[in-house]
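Undergrad: Quick one: this structure, given as structure tokens, is what I'll be asking you about.
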Amino acid sequence: MAFADGIADFRSDTVTRPTPEMIEAMANAPVGDDVYKDDPTVNALEEESAAAVGKEAALYVPTGTMGNQLAIQYHTNPGEEVLAHEGSHVRSIEGGAPQAYAGVGFRTVSGEGGRISPDDVDAAMAMAGFFPRISLMVWENTHNLSGGRVIPIEVMEETSARAREHGLAVHIDGARIFNAVAASGVPAERWAACGDTIQFCFSKGLGAPVGSIICGPADVIAEIRYLRKRMGGGMRQAGVIAAAARVALAGRERLVEDHVLARKLGEALAHRFPGGVDLDQIETNMVRVDFEALGMGWPEVKGRLEAAGVKANPPMGASWRLVTHRDVDAADVDRLVGALS
Ligand SMILES: Cc1ncc(COP(=O)(O)O)c(C=O)c1O
């Protein structure tokens, strides 16, 4: 259902508001100083998160960006390169943090839907000793800029194995890994095993107001805890927000509802604007529309949506991304499609 002010917001799954259950959990959370590891709510969240992805330990961080960047700092040295997809969030949408904080560059590949193949890894490593050293490969699953596509587990397993043969560490930006789980039925542990570390976000489709978590072996997480302190990410009585994240994590199975709604939205738009949506590419909670197919410019689309109380981001080039989440429903989809008709 739309927000209390009637706005249906399709810009991102980050726009959700805390549920009454989350607010109650936050109000009643036992807390302590988490920098001293004294916050029982944060400790519980870390244990539950590590267990959810089959890793030994976990560390609560304020944002997905911080989780990814701490992993990059841990796994690399200045002057090295990270092997990643050209459209990966860590490279393109984290404010240049890898260059600024870890002092690393990128070697990029351009596989379909965020994929990296074993051959891509071999090719990247072919000039080892001459080109900048590659020490880390980063996956992003689901892949945001490809429209929430799921990188198949077989691809991740095969390519991660090849990367490890070359001595690379592997990190997974699993901001939406539970969307991949919901879409594929493949358990989270199996995806997480493709990386030494994995971060996932409570503040995306899971619906919590704040926070992400990085999971991995206990000794790695202990060192990343130190790096978090250095980055100013020690949050003291963070149980106040971790309480909502616990509720979000426990409710992760509802993500399939967002996927069903995204398909409904995609089908309605494909019906109204033939050729405008490739339905095969709707795998999770995102719909990518060929904006040209609408036959209207962004100012007109924006005006129509605003008049109907609907929010959407502008297109990036010809690609227009709409995102479903717990705070939009079938009536909001009808409202969006109606406004464009
Ligand atoms: C794939 C992916 N990784 C990382 C992030 C970063 O998360 P945050 O906004 O919490 O820093 C995002 C945010 O949208 C994302 O989509």
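Just so we're on the same page: first chain in the structure tokens is A, next is B, and so on; residues restart at 1 for each chain, and ligands are numbered from 1 in the order they show up.
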Please produce, as a Markdown table, a per-residue contact table for chain A versus ligand 1 (criterion: any atom at most 9 Å away, only C-alpha atoms and all ligand atoms considered), showing the nearest atom pair and its distance in Å to one decimal, sorted by chain then residue number.

TA:
| residue | atom | partner | partner_atom_place_in_ligand_line | distance |
| --- | --- | --- | --- | --- |
| A:Ser12 | CA | ligand 1 | 14 (O) | 7.9 |
| A:Asp13 | CA | ligand 1 | 14 (O) | 8.4 |
| A:Thr14 | CA | ligand 1 | 14 (O) | 7.1 |
| A:Pro62 | CA | ligand 1 | 10 (O) | 7.2 |
| A:Thr63 | CA | ligand 1 | 10 (O) | 3.7 |
| A:Gly64 | CA | ligand 1 | 7 (O) | 3.5 |
| A:Thr65 | CA | ligand 1 | 11 (O) | 3.6 |
| A:Met66 | CA | ligand 1 | 11 (O) | 6.4 |
| A:Gly67 | CA | ligand 1 | 11 (O) | 8.0 |
| A:Asn68 | CA | ligand 1 | 4 (C) | 7.1 |
| A:Ser88 | CA | ligand 1 | 1 (C) | 7.2 |
| A:His89 | CA | ligand 1 | 3 (N) | 5.2 |
| A:Val90 | CA | ligand 1 | 3 (N) | 6.6 |
| A:Ile93 | CA | ligand 1 | 5 (C) | 7.8 |
| A:Glu94 | CA | ligand 1 | 6 (C) | 7.1 |
| A:Glu140 | CA | ligand 1 | 1 (C) | 6.0 |
| A:Asn141 | CA | ligand 1 | 1 (C) | 7.1 |
| A:Thr142 | CA | ligand 1 | 1 (C) | 7.0 |
| A:His143 | CA | ligand 1 | 1 (C) | 6.2 |
| A:Asn144 | CA | ligand 1 | 1 (C) | 5.2 |
| A:Leu145 | CA | ligand 1 | 1 (C) | 8.1 |
| A:Gly148 | CA | ligand 1 | 1 (C) | 8.8 |
| A:Asp173 | CA | ligand 1 | 3 (N) | 5.7 |
| A:Gly174 | CA | ligand 1 | 1 (C) | 6.8 |
| A:Ala175 | CA | ligand 1 | 3 (N) | 4.9 |
| A:Arg176 | CA | ligand 1 | 1 (C) | 6.7 |
| A:Gln199 | CA | ligand 1 | 4 (C) | 8.5 |
| A:Phe200 | CA | ligand 1 | 3 (N) | 8.0 |
| A:Cys201 | CA | ligand 1 | 10 (O) | 6.5 |
| A:Phe202 | CA | ligand 1 | 10 (O) | 8.5 |
| A:Ser203 | CA | ligand 1 | 10 (O) | 6.7 |
| A:Lys204 | CA | ligand 1 | 14 (O) | 7.2 |
| A:Val210 | CA | ligand 1 | 10 (O) | 7.7 |
| A:Gly211 | CA | ligand 1 | 10 (O) | 6.7 |
| A:Ser212 | CA | ligand 1 | 10 (O) | 6.6 |

Undergrad: So which bits of stretch 111-296 of chain A end up helix (DSSP H, G or I) when you DSSP the backbone, as a count of residues only?

TA: 93

Undergrad: Do a neighbour search on A:Gly205 at 10 Å with only C-alpha atoms, toss out local chain neighbours closer than 4 positions, and write the hits as number ranges by chain.

TA: A: 12-16, 175-176, 178-179, 201, 248, 252, 254-255, 258, 285, 323-327

Undergrad: Find the distance between atom CA of A:Asp9 and atom CA of A:Trp320 and write it in Å to one decimal.

TA: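 Computing the Euclidean distance for atom CA of A:Asp9 and atom CA of A:Trp320 yields 14.3 Å.
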
Undergrad: DSSP on the backbone, strand (DSSP E or B) only: what residues of stretch 60-304 of chain A does that give? Format it as a short mmCIF file (atom, residue, chain, number, x, y, z; two decimals) with N, CA and C atoms, in the first residue's frame.

TA:
data_model
loop_
_atom_site.label_atom_id
_atom_site.label_comp_id
_atom_site.auth_asym_id
_atom_site.auth_seq_id
_atom_site.Cartn_x
_atom_site.Cartn_y
_atom_site.Cartn_z
N TYR A 60 27.88 -5.45 11.75
CA TYR A 60 26.83 -4.49 11.36
C TYR A 60 27.49 -3.18 10.93
N VAL A 61 27.09 -2.65 9.80
CA VAL A 61 27.65 -1.39 9.28
C VAL A 61 26.49 -0.47 8.87
N GLU A 81 44.29 -3.57 -8.50
CA GLU A 81 43.01 -3.42 -9.19
C GLU A 81 42.01 -4.46 -8.71
N VAL A 82 40.74 -4.09 -8.87
CA VAL A 82 39.62 -4.97 -8.53
C VAL A 82 38.97 -5.39 -9.84
N LEU A 83 38.75 -6.69 -9.99
CA LEU A 83 38.06 -7.19 -11.18
C LEU A 83 36.56 -7.17 -10.90
N ALA A 84 35.83 -6.42 -11.72
CA ALA A 84 34.39 -6.29 -11.47
C ALA A 84 33.67 -5.99 -12.77
N HIS A 85 32.36 -6.14 -12.75
CA HIS A 85 31.56 -5.78 -13.92
C HIS A 85 31.58 -4.26 -14.09
N GLY A 105 42.26 0.70 -8.39
CA GLY A 105 41.54 0.94 -9.64
C GLY A 105 40.71 -0.28 -9.99
N PHE A 106 40.14 -0.27 -11.20
CA PHE A 106 39.26 -1.38 -11.62
C PHE A 106 39.70 -1.96 -12.96
N ARG A 107 39.59 -3.27 -13.09
CA ARG A 107 39.65 -3.96 -14.38
C ARG A 107 38.23 -4.46 -14.62
N THR A 108 37.63 -4.01 -15.70
CA THR A 108 36.19 -4.30 -15.85
C THR A 108 35.90 -5.29 -16.97
N VAL A 109 34.76 -5.97 -16.81
CA VAL A 109 34.24 -6.85 -17.84
C VAL A 109 32.80 -6.41 -18.09
N ALA A 128 49.48 -10.64 -15.83
CA ALA A 128 49.95 -10.50 -14.45
C ALA A 128 51.47 -10.30 -14.47
N PHE A 131 50.70 -5.68 -15.90
CA PHE A 131 49.61 -4.75 -15.61
C PHE A 131 49.47 -4.64 -14.09
N ILE A 134 45.90 -7.60 -9.85
CA ILE A 134 44.49 -7.76 -9.46
C ILE A 134 44.47 -8.68 -8.25
N SER A 135 43.88 -8.18 -7.16
CA SER A 135 43.89 -8.99 -5.94
C SER A 135 42.50 -9.46 -5.53
N LEU A 136 41.47 -8.86 -6.13
CA LEU A 136 40.10 -9.12 -5.67
C LEU A 136 39.14 -9.11 -6.85
N MET A 137 38.16 -10.04 -6.80
CA MET A 137 37.05 -9.99 -7.75
C MET A 137 35.78 -9.69 -6.95
N VAL A 138 34.95 -8.81 -7.49
CA VAL A 138 33.70 -8.47 -6.80
C VAL A 138 32.50 -8.84 -7.67
N TRP A 139 31.58 -9.60 -7.08
CA TRP A 139 30.28 -9.91 -7.70
C TRP A 139 29.23 -8.93 -7.19
N GLU A 140 28.20 -8.73 -7.98
CA GLU A 140 27.01 -8.02 -7.47
C GLU A 140 25.78 -8.83 -7.87
N HIS A 143 21.91 -7.91 -9.77
CA HIS A 143 22.70 -6.86 -10.39
C HIS A 143 21.81 -5.66 -10.69
N ARG A 149 18.77 -8.31 -12.30
CA ARG A 149 18.96 -9.66 -12.85
C ARG A 149 19.72 -10.53 -11.85
N ALA A 169 41.07 -12.99 -4.03
CA ALA A 169 40.00 -13.01 -3.03
C ALA A 169 38.70 -12.67 -3.76
N VAL A 170 37.58 -13.07 -3.18
CA VAL A 170 36.28 -12.80 -3.82
C VAL A 170 35.34 -12.17 -2.78
N HIS A 171 34.76 -11.04 -3.16
CA HIS A 171 33.75 -10.39 -2.32
C HIS A 171 32.43 -10.34 -3.10
N ILE A 172 31.33 -10.52 -2.39
CA ILE A 172 30.01 -10.41 -3.03
C ILE A 172 29.28 -9.19 -2.48
N ASP A 173 28.94 -8.27 -3.39
CA ASP A 173 28.01 -7.21 -3.03
C ASP A 173 26.62 -7.82 -3.15
N THR A 197 33.92 -12.94 1.44
CA THR A 197 33.06 -12.05 2.22
C THR A 197 31.83 -11.72 1.41
N ILE A 198 30.75 -11.40 2.10
CA ILE A 198 29.51 -10.97 1.44
C ILE A 198 28.89 -9.87 2.29
N GLN A 199 28.43 -8.81 1.64
CA GLN A 199 27.64 -7.83 2.40
C GLN A 199 26.22 -7.86 1.86
N PHE A 200 25.25 -7.71 2.75
CA PHE A 200 23.88 -7.52 2.28
C PHE A 200 23.21 -6.40 3.08
N CYS A 201 22.15 -5.84 2.49
CA CYS A 201 21.51 -4.64 3.04
C CYS A 201 20.16 -4.97 3.67
N SER A 212 23.40 -2.33 7.00
CA SER A 212 23.86 -3.45 6.17
C SER A 212 24.77 -4.30 7.04
N ILE A 213 25.22 -5.43 6.48
CA ILE A 213 26.07 -6.29 7.29
C ILE A 213 27.09 -6.96 6.40
N ILE A 214 28.28 -7.15 6.94
CA ILE A 214 29.30 -7.86 6.17
C ILE A 214 29.63 -9.16 6.91
N CYS A 215 29.64 -10.26 6.17
CA CYS A 215 29.81 -11.59 6.76
C CYS A 215 31.03 -12.28 6.17
N GLY A 216 31.69 -13.10 7.00
CA GLY A 216 32.87 -13.83 6.51
C GLY A 216 33.49 -14.62 7.64
N VAL A 277 8.91 -3.46 -22.90
CA VAL A 277 9.46 -4.20 -21.76
C VAL A 277 9.82 -5.61 -22.20
N MET A 286 12.63 -5.48 -10.03
CA MET A 286 12.88 -4.31 -10.88
C MET A 286 12.32 -4.55 -12.27
N VAL A 287 11.84 -3.46 -12.87
CA VAL A 287 11.33 -3.52 -14.24
C VAL A 287 12.10 -2.47 -15.03
N ARG A 288 12.67 -2.91 -16.14
CA ARG A 288 13.36 -1.94 -17.00
C ARG A 288 12.51 -1.69 -18.23
N VAL A 289 12.21 -0.42 -18.48
CA VAL A 289 11.36 -0.05 -19.60
C VAL A 289 12.22 0.68 -20.63
N ASP A 290 11.99 0.34 -21.92
CA ASP A 290 12.62 1.12 -22.98
C ASP A 290 11.85 2.44 -23.07
#

Undergrad: One number please: atom CA of A:Arg225 to atom CA of A:Leu59, in Å, one decimal.

TA: 6.9 Å

Undergrad: Which distance in Å separates atom CA of A:Ala222 and atom CA of A:Ala58, to one decimal?

TA: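 Taking atom CA of A:Ala222 and atom CA of A:Ala58, their separation equals 9.0 Å.
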
Undergrad: Taking only C-alpha atoms into account, which of A:Asp219, A:Asp196, A:Asp332, A:Glu253 comes nearest A:His75?

TA: A:Asp196

Undergrad: Closest to A:Asp33 among A:Arg228, A:Lys302, A:Arg321, A:Arg236, using only C-alpha atoms?

TA: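 Between A:Arg228, A:Lys302, A:Arg321, A:Arg236, the residue approaching A:Asp33 most closely is A:Arg236.
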
Undergrad: Please provide as a PDB file with N, CA and C atoms, in the first residue's frame all residues within 6 Å of stretch 25-31 of chain A, with the sequence filter that same-chain residues fewer than 6 positions apart are discarded (counting only C-alpha atoms).

TA:
ATOM      1  N   ASP A  39      26.383  -4.465  22.862  1.00  0.00           N
ATOM      2  CA  ASP A  39      24.981  -4.254  22.489  1.00  0.00           C
ATOM      3  C   ASP A  39      24.327  -5.595  22.146  1.00  0.00           C
ATOM      4  N   GLN A 237      25.192   2.688  20.695  1.00  0.00           N
ATOM      5  CA  GLN A 237      23.947   1.955  21.023  1.00  0.00           C
ATOM      6  C   GLN A 237      23.144   1.666  19.746  1.00  0.00           C
ATOM      7  N   GLY A 239      21.831  -0.884  18.725  1.00  0.00           N
ATOM      8  CA  GLY A 239      20.705  -1.804  18.858  1.00  0.00           C
ATOM      9  C   GLY A 239      19.384  -1.140  18.521  1.00  0.00           C
ATOM     10  N   VAL A 240      19.318   0.172  18.701  1.00  0.00           N
ATOM     11  CA  VAL A 240      18.088   0.912  18.393  1.00  0.00           C
ATOM     12  C   VAL A 240      17.682   0.701  16.927  1.00  0.00           C
ATOM     13  N   ALA A 243      17.492  -3.444  15.842  1.00  0.00           N
ATOM     14  CA  ALA A 243      16.241  -4.138  16.188  1.00  0.00           C
ATOM     15  C   ALA A 243      15.329  -4.219  14.964  1.00  0.00           C
ATOM     16  N   ALA A 244      15.266  -3.130  14.197  1.00  0.00           N
ATOM     17  CA  ALA A 244      14.426  -3.148  12.987  1.00  0.00           C
ATOM     18  C   ALA A 244      15.024  -4.086  11.941  1.00  0.00           C
TER      19      ALA A 244
END
